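**Q** Provided below: start-v4.pdb, containing PDB, C-alpha atoms.
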```pdb
MODEL        1
ATOM      1  CA  MET A   1      57.485  78.041  90.014  1.00  0.00           C
ATOM      2  CA  SER A   2      55.488  76.424  92.771  1.00  0.00           C
ATOM      3  CA  GLY A   3      52.726  77.320  95.177  1.00  0.00           C
ATOM      4  CA  HIS A   4      52.737  77.495  98.951  1.00  0.00           C
ATOM      5  CA  THR A   5      49.921  78.350 101.351  1.00  0.00           C
ATOM      6  CA  GLU A   6      49.668  78.561 105.124  1.00  0.00           C
ATOM      7  CA  ASN A   7      46.380  79.143 106.902  1.00  0.00           C
ATOM      8  CA  GLU A   8      45.384  78.769 110.529  1.00  0.00           C
ATOM      9  CA  ILE A   9      42.420  79.218 112.795  1.00  0.00           C
ATOM     10  CA  THR A  10      41.815  79.035 116.532  1.00  0.00           C
ATOM     11  CA  ILE A  11      38.927  76.792 117.514  1.00  0.00           C
ATOM     12  CA  ALA A  12      37.391  77.289 120.970  1.00  0.00           C
ATOM     13  CA  ALA A  13      37.351  73.572 121.754  1.00  0.00           C
ATOM     14  CA  PRO A  14      39.696  70.986 123.265  1.00  0.00           C
ATOM     15  CA  LEU A  15      42.463  69.630 121.057  1.00  0.00           C
ATOM     16  CA  ASP A  16      41.143  66.042 121.336  1.00  0.00           C
ATOM     17  CA  LEU A  17      37.762  67.060 119.911  1.00  0.00           C
ATOM     18  CA  VAL A  18      39.344  69.109 117.115  1.00  0.00           C
ATOM     19  CA  TRP A  19      41.683  66.222 116.267  1.00  0.00           C
ATOM     20  CA  ASP A  20      38.930  63.613 116.317  1.00  0.00           C
ATOM     21  CA  MET A  21      36.480  65.573 114.176  1.00  0.00           C
ATOM     22  CA  THR A  22      38.983  66.792 111.582  1.00  0.00           C
ATOM     23  CA  ASN A  23      40.584  63.372 111.174  1.00  0.00           C
ATOM     24  CA  ASP A  24      37.331  61.410 110.856  1.00  0.00           C
ATOM     25  CA  LEU A  25      37.578  61.021 107.089  1.00  0.00           C
ATOM     26  CA  GLU A  26      34.238  59.292 106.633  1.00  0.00           C
ATOM     27  CA  ASN A  27      32.499  62.371 108.062  1.00  0.00           C
ATOM     28  CA  TRP A  28      34.349  64.940 105.935  1.00  0.00           C
ATOM     29  CA  PRO A  29      31.295  65.473 103.694  1.00  0.00           C
ATOM     30  CA  GLN A  30      29.473  66.732 106.817  1.00  0.00           C
ATOM     31  CA  LEU A  31      32.450  68.795 107.998  1.00  0.00           C
ATOM     32  CA  PHE A  32      33.612  70.383 104.710  1.00  0.00           C
ATOM     33  CA  SER A  33      31.130  72.056 102.370  1.00  0.00           C
ATOM     34  CA  GLU A  34      33.127  71.147  99.240  1.00  0.00           C
ATOM     35  CA  TYR A  35      33.237  67.345  99.549  1.00  0.00           C
ATOM     36  CA  ALA A  36      30.386  65.189  98.268  1.00  0.00           C
ATOM     37  CA  SER A  37      31.923  61.865  99.309  1.00  0.00           C
ATOM     38  CA  VAL A  38      34.914  60.069 100.777  1.00  0.00           C
ATOM     39  CA  GLU A  39      35.724  56.475  99.938  1.00  0.00           C
ATOM     40  CA  VAL A  40      38.350  54.793 102.116  1.00  0.00           C
ATOM     41  CA  ILE A  41      40.446  52.505  99.909  1.00  0.00           C
ATOM     42  CA  ASP A  42      43.000  51.216 102.421  1.00  0.00           C
ATOM     43  CA  ARG A  43      44.098  51.684 106.020  1.00  0.00           C
ATOM     44  CA  GLU A  44      47.452  50.582 107.335  1.00  0.00           C
ATOM     45  CA  GLY A  45      48.516  51.879 110.731  1.00  0.00           C
ATOM     46  CA  GLY A  46      48.144  55.649 110.740  1.00  0.00           C
ATOM     47  CA  THR A  47      48.041  55.862 106.939  1.00  0.00           C
ATOM     48  CA  THR A  48      44.786  55.978 105.001  1.00  0.00           C
ATOM     49  CA  THR A  49      44.407  55.952 101.228  1.00  0.00           C
ATOM     50  CA  PHE A  50      41.091  57.412 100.121  1.00  0.00           C
ATOM     51  CA  ARG A  51      39.171  58.942  97.233  1.00  0.00           C
ATOM     52  CA  LEU A  52      37.723  62.423  97.663  1.00  0.00           C
ATOM     53  CA  THR A  53      34.940  63.588  95.378  1.00  0.00           C
ATOM     54  CA  MET A  54      33.837  67.205  95.325  1.00  0.00           C
ATOM     55  CA  HIS A  55      30.438  68.666  94.612  1.00  0.00           C
ATOM     56  CA  PRO A  56      30.140  69.852  90.986  1.00  0.00           C
ATOM     57  CA  ASP A  57      31.867  73.156  90.279  1.00  0.00           C
ATOM     58  CA  ASP A  58      30.218  76.154  88.611  1.00  0.00           C
ATOM     59  CA  ASN A  59      30.649  74.457  85.227  1.00  0.00           C
ATOM     60  CA  GLY A  60      29.146  71.158  86.427  1.00  0.00           C
ATOM     61  CA  LYS A  61      32.522  69.372  86.537  1.00  0.00           C
ATOM     62  CA  VAL A  62      33.004  66.880  89.375  1.00  0.00           C
ATOM     63  CA  TRP A  63      36.603  66.670  90.594  1.00  0.00           C
ATOM     64  CA  SER A  64      37.824  63.494  92.255  1.00  0.00           C
ATOM     65  CA  TRP A  65      41.250  62.182  93.257  1.00  0.00           C
ATOM     66  CA  VAL A  66      43.019  59.673  95.494  1.00  0.00           C
ATOM     67  CA  SER A  67      45.074  60.922  98.432  1.00  0.00           C
ATOM     68  CA  GLU A  68      47.184  59.305 101.096  1.00  0.00           C
ATOM     69  CA  ARG A  69      47.101  60.707 104.613  1.00  0.00           C
ATOM     70  CA  THR A  70      49.233  59.797 107.645  1.00  0.00           C
ATOM     71  CA  THR A  71      48.169  60.969 111.084  1.00  0.00           C
ATOM     72  CA  ASP A  72      50.482  61.166 114.095  1.00  0.00           C
ATOM     73  CA  ARG A  73      48.540  62.030 117.217  1.00  0.00           C
ATOM     74  CA  THR A  74      51.718  62.087 119.324  1.00  0.00           C
ATOM     75  CA  THR A  75      53.202  64.955 117.316  1.00  0.00           C
ATOM     76  CA  ARG A  76      49.748  66.390 116.512  1.00  0.00           C
ATOM     77  CA  THR A  77      50.534  66.406 112.814  1.00  0.00           C
ATOM     78  CA  VAL A  78      49.077  65.035 109.593  1.00  0.00           C
ATOM     79  CA  ASN A  79      50.963  64.648 106.318  1.00  0.00           C
ATOM     80  CA  ALA A  80      49.100  64.011 103.099  1.00  0.00           C
ATOM     81  CA  ARG A  81      49.751  63.886  99.394  1.00  0.00           C
ATOM     82  CA  ARG A  82      47.727  63.387  96.271  1.00  0.00           C
ATOM     83  CA  VAL A  83      48.386  59.949  94.818  1.00  0.00           C
ATOM     84  CA  GLU A  84      46.413  60.941  91.705  1.00  0.00           C
ATOM     85  CA  PRO A  85      47.637  64.504  91.303  1.00  0.00           C
ATOM     86  CA  GLY A  86      45.337  65.445  88.428  1.00  0.00           C
ATOM     87  CA  PRO A  87      46.220  69.007  87.330  1.00  0.00           C
ATOM     88  CA  PHE A  88      48.997  69.157  89.960  1.00  0.00           C
ATOM     89  CA  GLN A  89      52.576  68.004  89.415  1.00  0.00           C
ATOM     90  CA  HIS A  90      52.458  67.390  93.166  1.00  0.00           C
ATOM     91  CA  MET A  91      50.329  68.383  96.143  1.00  0.00           C
ATOM     92  CA  ASP A  92      51.716  67.936  99.648  1.00  0.00           C
ATOM     93  CA  ILE A  93      49.670  68.910 102.686  1.00  0.00           C
ATOM     94  CA  HIS A  94      50.728  69.288 106.312  1.00  0.00           C
ATOM     95  CA  TRP A  95      48.323  69.904 109.190  1.00  0.00           C
ATOM     96  CA  GLU A  96      49.432  70.884 112.702  1.00  0.00           C
ATOM     97  CA  TYR A  97      47.423  71.192 115.897  1.00  0.00           C
ATOM     98  CA  ALA A  98      48.466  73.051 119.046  1.00  0.00           C
ATOM     99  CA  GLU A  99      46.793  73.854 122.319  1.00  0.00           C
ATOM    100  CA  ALA A 100      46.339  77.577 122.795  1.00  0.00           C
ATOM    101  CA  PRO A 101      44.630  79.842 125.318  1.00  0.00           C
ATOM    102  CA  GLY A 102      40.921  79.350 124.744  1.00  0.00           C
ATOM    103  CA  GLY A 103      41.183  76.340 122.467  1.00  0.00           C
ATOM    104  CA  THR A 104      43.166  74.759 119.682  1.00  0.00           C
ATOM    105  CA  VAL A 105      45.118  76.255 116.790  1.00  0.00           C
ATOM    106  CA  MET A 106      44.760  74.272 113.575  1.00  0.00           C
ATOM    107  CA  ARG A 107      47.259  75.133 110.823  1.00  0.00           C
ATOM    108  CA  TRP A 108      47.222  73.897 107.210  1.00  0.00           C
ATOM    109  CA  ARG A 109      50.240  74.168 104.927  1.00  0.00           C
ATOM    110  CA  GLN A 110      50.098  73.163 101.263  1.00  0.00           C
ATOM    111  CA  ASP A 111      53.019  72.918  98.868  1.00  0.00           C
ATOM    112  CA  PHE A 112      52.234  72.207  95.241  1.00  0.00           C
ATOM    113  CA  ALA A 113      52.996  72.856  91.615  1.00  0.00           C
ATOM    114  CA  MET A 114      50.542  72.904  88.746  1.00  0.00           C
ATOM    115  CA  ARG A 115      51.248  70.895  85.610  1.00  0.00           C
ATOM    116  CA  PRO A 116      52.177  72.998  82.553  1.00  0.00           C
ATOM    117  CA  ASP A 117      48.972  71.849  80.806  1.00  0.00           C
ATOM    118  CA  ALA A 118      46.736  72.591  83.821  1.00  0.00           C
ATOM    119  CA  PRO A 119      43.874  75.041  83.219  1.00  0.00           C
ATOM    120  CA  VAL A 120      45.295  77.409  85.896  1.00  0.00           C
ATOM    121  CA  ASP A 121      48.767  78.408  87.081  1.00  0.00           C
ATOM    122  CA  ASP A 122      50.436  78.280  90.507  1.00  0.00           C
ATOM    123  CA  ALA A 123      49.528  81.886  91.372  1.00  0.00           C
ATOM    124  CA  TRP A 124      45.833  81.345  90.580  1.00  0.00           C
ATOM    125  CA  MET A 125      45.761  78.109  92.608  1.00  0.00           C
ATOM    126  CA  THR A 126      47.553  79.757  95.542  1.00  0.00           C
ATOM    127  CA  ASP A 127      44.873  82.457  95.693  1.00  0.00           C
ATOM    128  CA  ASN A 128      42.120  79.869  95.301  1.00  0.00           C
ATOM    129  CA  ILE A 129      43.478  77.613  98.069  1.00  0.00           C
ATOM    130  CA  ASN A 130      43.964  80.557 100.430  1.00  0.00           C
ATOM    131  CA  ARG A 131      40.441  81.814  99.818  1.00  0.00           C
ATOM    132  CA  ASN A 132      38.844  78.384 100.136  1.00  0.00           C
ATOM    133  CA  SER A 133      40.932  77.356 103.172  1.00  0.00           C
ATOM    134  CA  ARG A 134      39.612  80.348 105.108  1.00  0.00           C
ATOM    135  CA  VAL A 135      36.009  79.443 104.202  1.00  0.00           C
ATOM    136  CA  GLN A 136      36.448  75.776 105.108  1.00  0.00           C
ATOM    137  CA  MET A 137      38.327  76.527 108.336  1.00  0.00           C
ATOM    138  CA  GLU A 138      35.560  78.867 109.492  1.00  0.00           C
ATOM    139  CA  LEU A 139      32.894  76.227 108.744  1.00  0.00           C
ATOM    140  CA  ILE A 140      34.918  73.580 110.558  1.00  0.00           C
ATOM    141  CA  ARG A 141      35.494  75.906 113.508  1.00  0.00           C
ATOM    142  CA  ASP A 142      31.781  76.648 113.792  1.00  0.00           C
ATOM    143  CA  LYS A 143      30.797  72.952 113.625  1.00  0.00           C
ATOM    144  CA  ILE A 144      33.397  71.864 116.181  1.00  0.00           C
ATOM    145  CA  GLU A 145      32.527  74.692 118.570  1.00  0.00           C
ATOM    146  CA  GLN A 146      28.831  73.772 118.256  1.00  0.00           C
ATOM    147  CA  ARG A 147      29.626  70.124 119.011  1.00  0.00           C
ATOM    148  CA  ASP A 148      31.699  71.197 122.029  1.00  0.00           C
ATOM    149  CA  ARG A 149      28.819  73.334 123.358  1.00  0.00           C
ATOM    150  CA  GLU A 150      26.428  70.403 122.903  1.00  0.00           C
ATOM    151  CA  ARG A 151      28.799  68.022 124.710  1.00  0.00           C
ATOM    152  CA  ARG A 152      29.280  70.426 127.605  1.00  0.00           C
ATOM    153  CA  SER A 153      25.557  71.144 127.991  1.00  0.00           C
ATOM    154  CA  ALA A 154      24.761  67.414 127.878  1.00  0.00           C
ATOM    155  CA  ALA A 155      27.314  66.836 130.659  1.00  0.00           C
ATOM    156  CA  VAL A 156      25.669  69.374 132.979  1.00  0.00           C
ATOM    157  CA  PRO A 157      23.159  67.608 135.212  1.00  0.00           C
ATOM    158  CA  ALA A 158      19.645  69.064 135.222  1.00  0.00           C
ATOM    159  CA  ASN A 159      18.495  70.470 138.563  1.00  0.00           C
TER     160      ASN A 159
ENDMDL
END
```
As structure tokens - that is how I would like this structure written.
**A**
Amino acid sequence: MSGHTENEITIAAPLDLVWDMTNDLENWPQLFSEYASVEVIDREGGTTTFRLTMHPDDNGKVWSWVSERTTDRTTRTVNARRVEPGPFQHMDIHWEYAEAPGGTVMRWRQDFAMRPDAPVDDAWMTDNINRNSRVQMELIRDKIEQRDRERRSAAVPAN
């Protein structure tokens, strides 16, 4: 068995701003509520290898792993995978961005399989990812929309 999730949100902001903010890895701890730190290990072209560290979970465990992420602004896509899969046999992530009336649609797709000795199974992780993706997408949406409002109000000359 394997897991698959697809989640999307419309952000009332220009695609360039959404792209820039969501692909600024060093600022992910300010954008996502779950990440404590990001350490960039290597950059080559559009591919970045980095370590993500989460805030401690309810049991005090800190999860950390290395991922590789390739951005392609031309196609408005990002492909990522866990290099250190941890409890996953594999974790592949695909992000897509599209202009839409009133803003930008951001879509996340995750394909994965849990290891047989993982503490949870594919069904549990699918539910967890879906639940958490909605929370994170709403936080990201709110932060990007706030930044867009601030940019627009700063661009309006005072009378």
**Q** Show me a table, sorted first by chain and then by increasing residue number, of the residues of region 22-79 of chain A having an atom at most 9 Å from region 129-137 of chain A, each with its shortest atom pair and the distance in Å to one decimal, counting only C-alpha atoms and written as CSV.
**A**
```
residue,atom,partner,partner_atom,distance
A:Leu31,CA,A:Gln136,CA,8.5
A:Phe32,CA,A:Gln136,CA,6.1
A:Ser33,CA,A:Gln136,CA,7.0
A:Glu34,CA,A:Gln136,CA,8.2
```
**Q** So that I can check the surroundings of region 63-80 of chain A, please list as a VMD selection string every protein, DNA and RNA residue that reaches within 6 Å of it, counting all atoms listed in the file and ignoring chain neighbours fewer than 2 positions away.
**A** chain A and resid 46 to 54 82 to 84 92 to 97
**Q** Considering only C-alpha atoms, can you say which of A:Phe112, A:Glu8, A:Leu25, A:Val120 comes closest to Arg81 (chain A)?
**A**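 With only C-alpha atoms as the atom set, the closest residue is A:Phe112.
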**Q** Looking at only C-alpha atoms, which of A:Pro14, A:Pro116, A:Gly60, A:Pro29 is the one that sits closest to Leu139 (chain A)?
**A** A:Pro29
**Q** From the set A:Asp16, A:Glu6, A:Glu99, A:Asp122, which residue has the shortest atom-to-atom contact distance to Asp148 (chain A), counting all atoms listed in the file?
**A** A:Asp16
